[in-house]
Structure formats: structure tokens, C-alpha cells
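Listing of protein-v1.csv, CSV, C-alpha atoms
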chain,number,residue,atom,x,y,z
A,1,SER,CA,-4.5,-28.5,-43.6
A,2,GLN,CA,-0.8,-27.9,-43.2
A,3,GLU,CA,0.4,-24.8,-41.4
A,4,LEU,CA,3.7,-23.1,-42.1
A,5,GLU,CA,5.3,-20.6,-39.8
A,6,GLN,CA,8.1,-18.4,-40.8
A,7,SER,CA,10.4,-16.5,-38.5
A,8,PRO,CA,11.2,-13.8,-38.2
A,9,GLN,CA,8.3,-11.9,-39.5
A,10,SER,CA,10.5,-8.9,-40.2
A,11,LEU,CA,14.2,-8.6,-40.5
A,12,ILE,CA,16.4,-5.5,-40.9
A,13,VAL,CA,19.9,-6.2,-41.8
A,14,GLN,CA,22.9,-4.1,-42.6
A,15,GLU,CA,24.3,-4.5,-46.1
A,16,GLY,CA,27.0,-7.1,-46.2
A,17,LYS,CA,25.7,-9.1,-43.2
A,18,ASN,CA,24.4,-12.6,-43.3
A,19,LEU,CA,20.9,-13.6,-42.4
A,20,THR,CA,18.7,-16.6,-42.0
A,21,ILE,CA,14.9,-17.1,-42.4
A,22,ASN,CA,13.2,-20.2,-41.1
A,23,CYS,CA,10.1,-22.0,-42.2
A,24,THR,CA,8.6,-24.6,-39.9
A,25,SER,CA,5.8,-27.0,-40.7
A,26,SER,CA,3.4,-28.9,-38.4
A,27,LYS,CA,3.6,-31.9,-40.8
A,28,THR,CA,6.1,-33.6,-42.9
A,29,LEU,CA,7.0,-31.6,-46.0
A,30,TYR,CA,6.9,-33.5,-49.3
A,31,GLY,CA,8.0,-30.5,-51.2
A,32,LEU,CA,9.2,-27.1,-49.9
A,33,TYR,CA,9.6,-24.1,-52.1
A,34,TRP,CA,11.1,-20.7,-51.5
A,35,TYR,CA,9.8,-17.6,-53.2
A,36,LYS,CA,10.8,-13.9,-53.2
A,37,GLN,CA,8.4,-11.1,-53.7
A,38,LYS,CA,9.4,-7.6,-54.4
A,39,TYR,CA,7.0,-4.8,-53.6
A,40,GLY,CA,4.3,-4.6,-56.2
A,41,GLU,CA,5.5,-7.7,-58.1
A,42,GLY,CA,4.6,-11.4,-58.3
A,43,LEU,CA,6.3,-14.3,-56.6
A,44,ILE,CA,9.6,-15.3,-58.1
A,45,PHE,CA,10.6,-19.0,-57.6
A,46,LEU,CA,14.0,-19.4,-55.8
A,47,MET,CA,14.5,-23.0,-54.9
A,48,MET,CA,12.7,-26.3,-54.3
A,49,LEU,CA,13.7,-28.9,-51.7
A,50,GLN,CA,12.3,-32.4,-51.6
A,51,LYS,CA,14.7,-34.7,-49.8
A,52,GLY,CA,15.6,-34.7,-46.1
A,53,GLY,CA,19.0,-33.0,-45.6
A,54,GLU,CA,18.9,-31.5,-49.0
A,55,GLU,CA,20.7,-28.2,-49.6
A,56,LYS,CA,20.7,-26.0,-52.6
A,57,SER,CA,22.4,-22.8,-53.4
A,58,HIS,CA,21.9,-20.1,-56.0
A,59,GLU,CA,24.3,-17.2,-56.0
A,60,LYS,CA,24.4,-16.0,-52.4
A,61,ILE,CA,21.3,-17.8,-51.2
A,62,THR,CA,21.3,-21.2,-49.7
A,63,ALA,CA,18.3,-23.2,-48.7
A,64,LYS,CA,18.2,-26.3,-46.5
A,65,LEU,CA,15.6,-28.9,-45.5
A,66,ASP,CA,16.2,-30.8,-42.3
A,67,GLU,CA,16.3,-34.6,-42.1
A,68,LYS,CA,12.9,-34.8,-40.6
A,69,LYS,CA,11.6,-32.6,-43.4
A,70,GLN,CA,9.7,-30.3,-41.1
A,71,GLN,CA,11.9,-27.3,-41.1
A,72,SER,CA,13.7,-25.3,-43.8
A,73,SER,CA,16.0,-22.4,-43.6
A,74,LEU,CA,17.0,-19.8,-46.2
A,75,HIS,CA,20.4,-18.2,-45.7
A,76,ILE,CA,21.7,-15.2,-47.4
A,77,THR,CA,25.4,-14.4,-47.4
A,78,ALA,CA,26.8,-10.9,-47.6
A,79,SER,CA,23.4,-9.4,-48.1
A,80,GLN,CA,22.8,-6.7,-50.8
A,81,PRO,CA,20.1,-4.2,-51.4
A,82,SER,CA,18.8,-6.4,-54.2
A,83,HIS,CA,17.9,-9.0,-51.6
A,84,ALA,CA,15.3,-6.8,-50.0
A,85,GLY,CA,11.7,-8.0,-50.3
A,86,ILE,CA,9.3,-10.5,-48.9
A,87,TYR,CA,10.4,-14.1,-48.7
A,88,LEU,CA,7.7,-16.8,-48.6
A,89,CYS,CA,8.0,-20.5,-48.2
A,90,GLY,CA,5.5,-22.8,-49.7
A,91,ALA,CA,4.8,-26.4,-49.0
A,92,ASP,CA,3.2,-29.2,-50.9
A,93,GLY,CA,1.6,-31.6,-48.4
A,94,SER,CA,0.7,-34.2,-50.8
A,95,ASN,CA,2.6,-37.4,-51.8
A,96,PHE,CA,1.6,-36.7,-55.4
A,97,GLY,CA,2.8,-33.1,-55.6
A,98,ASN,CA,-0.3,-31.9,-57.3
A,99,GLU,CA,-2.2,-30.2,-54.5
A,100,LYS,CA,-2.4,-26.5,-54.0
A,101,LEU,CA,0.5,-25.0,-52.2
A,102,THR,CA,0.3,-23.7,-48.6
A,103,PHE,CA,2.3,-20.6,-48.0
A,104,GLY,CA,4.1,-19.4,-44.9
A,105,THR,CA,3.4,-16.2,-43.2
A,106,GLY,CA,6.2,-14.4,-45.0
A,107,THR,CA,9.4,-12.6,-43.9
A,108,ARG,CA,9.9,-9.0,-44.8
A,109,LEU,CA,13.6,-8.3,-45.4
A,110,THR,CA,15.0,-4.8,-45.4
A,111,ILE,CA,18.6,-4.1,-46.2
A,112,ILE,CA,20.1,-0.9,-44.9
A,113,PRO,CA,23.3,0.6,-46.2
B,1,GLY,CA,-8.6,-11.7,-44.7
B,2,ALA,CA,-9.4,-10.8,-48.2
B,3,VAL,CA,-11.0,-13.4,-50.4
B,4,VAL,CA,-10.2,-14.3,-53.9
B,5,SER,CA,-12.3,-16.7,-55.9
B,6,GLN,CA,-11.7,-18.6,-59.1
B,7,HIS,CA,-14.1,-20.0,-61.5
B,8,PRO,CA,-14.3,-22.7,-62.6
B,9,SER,CA,-12.5,-24.9,-60.1
B,10,TRP,CA,-12.3,-27.7,-62.5
B,11,VAL,CA,-12.5,-27.8,-66.3
B,12,ILE,CA,-12.1,-30.6,-68.8
B,13,CYS,CA,-12.0,-29.6,-72.5
B,14,LYS,CA,-11.2,-31.1,-75.8
B,15,SER,CA,-8.0,-30.2,-77.6
B,16,GLY,CA,-8.3,-27.1,-79.8
B,17,THR,CA,-11.0,-25.4,-77.7
B,18,SER,CA,-10.5,-22.3,-75.6
B,19,VAL,CA,-11.0,-22.1,-71.9
B,20,LYS,CA,-11.7,-19.0,-69.8
B,21,ILE,CA,-10.8,-18.8,-66.1
B,22,GLU,CA,-12.0,-16.0,-63.9
B,23,CYS,CA,-10.3,-14.5,-60.9
B,24,ARG,CA,-12.4,-12.3,-58.6
B,25,SER,CA,-11.5,-10.3,-55.6
B,26,LEU,CA,-14.7,-10.6,-53.5
B,27,ASP,CA,-14.5,-7.9,-50.9
B,28,PHE,CA,-11.7,-5.6,-52.1
B,29,GLN,CA,-10.4,-3.9,-55.2
B,30,ALA,CA,-7.2,-5.0,-56.8
B,31,THR,CA,-5.4,-3.0,-59.5
B,32,THR,CA,-2.9,-5.8,-59.8
B,33,MET,CA,-3.5,-9.5,-60.1
B,34,PHE,CA,-1.1,-12.3,-60.9
B,35,TRP,CA,-1.5,-15.5,-62.8
B,36,TYR,CA,0.5,-18.6,-61.9
B,37,ARG,CA,0.8,-22.1,-63.2
B,38,GLN,CA,1.8,-25.1,-61.2
B,39,PHE,CA,2.8,-28.4,-62.7
B,40,PRO,CA,2.6,-31.6,-60.6
B,41,LYS,CA,5.5,-31.9,-58.2
B,42,GLN,CA,6.8,-28.5,-59.3
B,43,SER,CA,6.7,-25.0,-58.0
B,44,LEU,CA,4.4,-22.2,-58.7
B,45,MET,CA,5.6,-20.3,-61.7
B,46,LEU,CA,4.5,-16.7,-62.4
B,47,MET,CA,3.0,-16.4,-65.9
B,48,ALA,CA,1.9,-12.8,-66.0
B,49,THR,CA,1.0,-9.6,-64.2
B,50,SER,CA,-2.4,-8.3,-64.8
B,51,ASN,CA,-3.0,-4.6,-64.3
B,52,GLU,CA,-6.5,-3.1,-64.5
B,53,GLY,CA,-7.0,-1.0,-67.5
B,54,SER,CA,-3.7,-1.9,-69.2
B,55,LYS,CA,-2.1,-4.8,-71.0
B,56,ALA,CA,-0.8,-7.6,-69.0
B,57,THR,CA,3.0,-8.1,-68.6
B,58,TYR,CA,4.1,-11.6,-69.4
B,59,GLU,CA,7.0,-13.5,-68.0
B,60,GLN,CA,9.7,-14.7,-70.4
B,61,GLY,CA,8.7,-17.8,-72.2
B,62,VAL,CA,4.9,-17.3,-71.7
B,63,GLU,CA,3.1,-16.9,-75.0
B,64,LYS,CA,0.8,-13.9,-74.8
B,65,ASP,CA,-1.3,-15.0,-77.7
B,66,LYS,CA,-1.8,-18.4,-76.1
B,67,PHE,CA,-2.7,-17.1,-72.7
B,68,LEU,CA,-4.9,-14.1,-73.0
B,69,ILE,CA,-5.3,-12.0,-69.9
B,70,ASN,CA,-8.0,-9.3,-69.5
B,71,HIS,CA,-8.3,-7.2,-66.3
B,72,ALA,CA,-11.5,-5.5,-67.1
B,73,SER,CA,-12.4,-4.2,-63.7
B,74,LEU,CA,-10.8,-3.7,-60.3
B,75,THR,CA,-12.3,-7.0,-59.1
B,76,LEU,CA,-12.0,-9.3,-62.1
B,77,SER,CA,-9.2,-10.7,-64.2
B,78,THR,CA,-9.6,-13.4,-66.7
B,79,LEU,CA,-7.2,-15.9,-68.2
B,80,THR,CA,-8.2,-17.5,-71.5
B,81,VAL,CA,-6.2,-20.5,-72.7
B,82,THR,CA,-6.7,-20.4,-76.5
B,83,SER,CA,-6.6,-23.5,-78.6
B,84,ALA,CA,-5.8,-25.6,-75.6
B,85,HIS,CA,-3.6,-28.7,-76.0
B,86,PRO,CA,-2.9,-31.5,-73.6
B,87,GLU,CA,0.4,-29.9,-72.6
B,88,ASP,CA,-1.6,-26.9,-71.3
B,89,SER,CA,-3.2,-29.2,-68.6
B,90,SER,CA,-2.1,-27.8,-65.3
B,91,PHE,CA,-3.2,-26.0,-62.1
B,92,TYR,CA,-3.7,-22.3,-62.7
B,93,ILE,CA,-3.8,-20.0,-59.7
B,94,CYS,CA,-4.4,-16.3,-59.5
B,95,SER,CA,-3.6,-13.8,-56.7
B,96,ALA,CA,-4.6,-10.3,-56.0
B,97,LEU,CA,-2.1,-7.8,-54.7
B,98,VAL,CA,-3.0,-5.5,-51.8
B,99,ARG,CA,-1.0,-2.5,-50.8
B,100,ARG,CA,1.8,-3.6,-53.2
B,101,GLU,CA,3.0,-6.3,-50.9
B,102,THR,CA,0.3,-8.8,-49.7
B,103,GLN,CA,-1.0,-11.4,-52.1
B,104,TYR,CA,-4.2,-13.2,-51.6
B,105,PHE,CA,-4.4,-16.4,-53.6
B,106,GLY,CA,-7.4,-17.9,-55.3
B,107,PRO,CA,-8.2,-21.6,-54.8
B,108,GLY,CA,-6.9,-22.5,-58.2
B,109,THR,CA,-8.4,-24.0,-61.4
B,110,ARG,CA,-7.4,-27.4,-62.6
B,111,LEU,CA,-7.4,-27.7,-66.3
B,112,LEU,CA,-7.4,-31.0,-68.1
B,113,VAL,CA,-7.2,-31.0,-71.9
B,114,LEU,CA,-8.1,-34.2,-73.6
Conversion result in C-alpha cells:
Amino acid sequence: SQELEQSPQSLIVQEGKNLTINCTSSKTLYGLYWYKQKYGEGLIFLMMLQKGGEEKSHEKITAKLDEKKQQSSLHITASQPSHAGIYLCGADGSNFGNEKLTFGTGTRLTIIP
Amino acid sequence: GAVVSQHPSWVICKSGTSVKIECRSLDFQATTMFWYRQFPKQSLMLMATSNEGSKATYEQGVEKDKFLINHASLTLSTLTVTSAHPEDSSFYICSALVRRETQYFGPGTRLLVL
């Protein structure tokens, strides 16, 4: 099975500051997904990366997948209270993209005013 | 860690029939469970939030009459795909929420509608 490690486990950031969350796989990633979970709510899909070197942005959130496709980073610019929550990366280890996702360990993000 | 089971793991049915999928928390109680759907090569998409003793909350674009959710007890939530059609074929995954922040995922149910 594929293991995903996220770092840091917890992050406390002052509002307006930038931050980065990392997701590292022990195997090549064929599909990497980023999700956000607010307390008490389900996972909300943020972005999907599939190609080495791929980078996607949505509003103030940018996700990248390295060339070797074993590490992804999620970068938030000028953080806001609305960014607070738990961020999870999920990976699809199959060539066919139809296997159950493996999730990372999660990063709890707290934004302080 | 907490264990969540789903039954069945695989189901093949004819178009027009209804299929029920069960999601159980085996060693803990969960007032909130979530149902997700995953298409091949696509991400997990939240379908609905299932709360014990109340009506489920559906995400935008999800037909509540098509995907019936019942959370009858603190350890069981069911998803019924009514009048299933081939486009409903997918991988359905449930999760149980613990202490409002940790989700434990079930193994998933693969549905194939012929």
C-alpha cells in the first residue's frame, strides 16, 4: 500500500502570512488530490495534479507536483481565517485511476488574527 | 484506529433497480457520516452529510430523491441508489466523523449498473 506523509502536522499562522503544506509519497503518484475539511464537515475537493511539474492555482491556493511525482506542496498566500481547517492530500496509486484513495496524515491549520 | 465497514463491497445490478449500501461504524458511535462518490481518474466528491436522527444534507447537484440517505442509528447510515442507471456506476465511499474533525473511511462499494 502507498503511504502518504504530510508535514507539518499542525500549523499556526498569523493572518496575512504565507504558508506551505507538504505531502510526500513512498511511491510514484499517478494522481494527487488536495482536500480541505472544516471542523464538523466533509472533505471539500480543492485540486487534482497528475503530471510531473504540474502546478494549479485557485484563488490564493497553489498546489504543485514535483517532476518525480512523489511530492506535492500546497501553498497559501496571504492567509485568511477562512483558510483554517484540516488539509488532506490523497493519492491514487493505480495506473487506471479507479482504486481507493489513500489519504495523508492531515495538517491542521489555524489562522490567528 | 476506528473501523468503518461498508456492505456490499461489490454490487452489479440491472438498470432500473434500486441498490442499498450500508455504512457501519464498528467500534464507535458516529452522529455524522459522509457519503462520497469517486469516478475513475477523478477525485472524491462529497455527496451528502448524514446526521443521525435528521435529514441528510445534500451537496449542490446531488439529487436527494435519487440518492436516499438514512442514518437510523449512531452506527449505521445507508445510501440507496434508486432506479439505478449506468451513469450511476461508480465507487461510493462513506466516512464517519469523530470529534468533529477526524474522518474514518470505509473500504468503499463499487457499483456497476448494467
Which residue of B:Tyr58, B:Tyr104, B:Tyr36, B:Phe67 approaches B:Thr80 most closely, using all atoms listed in the file: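 Nearest to B:Thr80: B:Phe67.
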Nearby residues, (12.2, -26.0, -55.3) file frame, 7 Å, only C-alpha atoms, as a ChimeraX atom specification: /A:32-34,46-49 /B:43
Nearby residues (all atoms listed in the file) at most 10 Å from B:Arg24, same-chain spacing under 6 positions excluded, as number ranges by chain: B: 3-7, 30, 33, 73-78, 94-96, 106
Quick check: residues of chain B within 7 Å of chain A, only C-alpha atoms, returned as a compact mmCIF listing (two decimals) with C-alpha atoms, in the frame of the given file.
# COMPACT_ATOMS: atom_id res chain seq x y z
CA PHE B 34 -1.10 -12.30 -60.90
CA PRO B 40 2.60 -31.60 -60.60
CA LYS B 41 5.50 -31.90 -58.20
CA SER B 43 6.70 -25.00 -58.00
CA MET B 45 5.60 -20.30 -61.70
CA LEU B 46 4.50 -16.70 -62.40
CA ARG B 100 1.80 -3.60 -53.20
CA GLU B 101 3.00 -6.30 -50.90
Sel. within 7 Å of pt (-10.4, -24.7, -68.9), counting only C-alpha atoms, output as a ChimeraX atom specification: /B:11-13,19-21,111
Near-A:Ser7 list (10 Å; all atoms listed in the file; drop same-chain fewer than 3 positions) as an MDAnalysis selection string: chainID A and resid 10:11 20:24 73 104:108
Within 7 Å of stretch 83-89 of chain B using all atoms listed in the file, minus same-chain residues under 4 positions, as a list of chain:residue names: B:Ser15, B:Gly16, B:Thr17, B:Ser18, B:Leu111, B:Leu112, B:Val113, B:Leu114
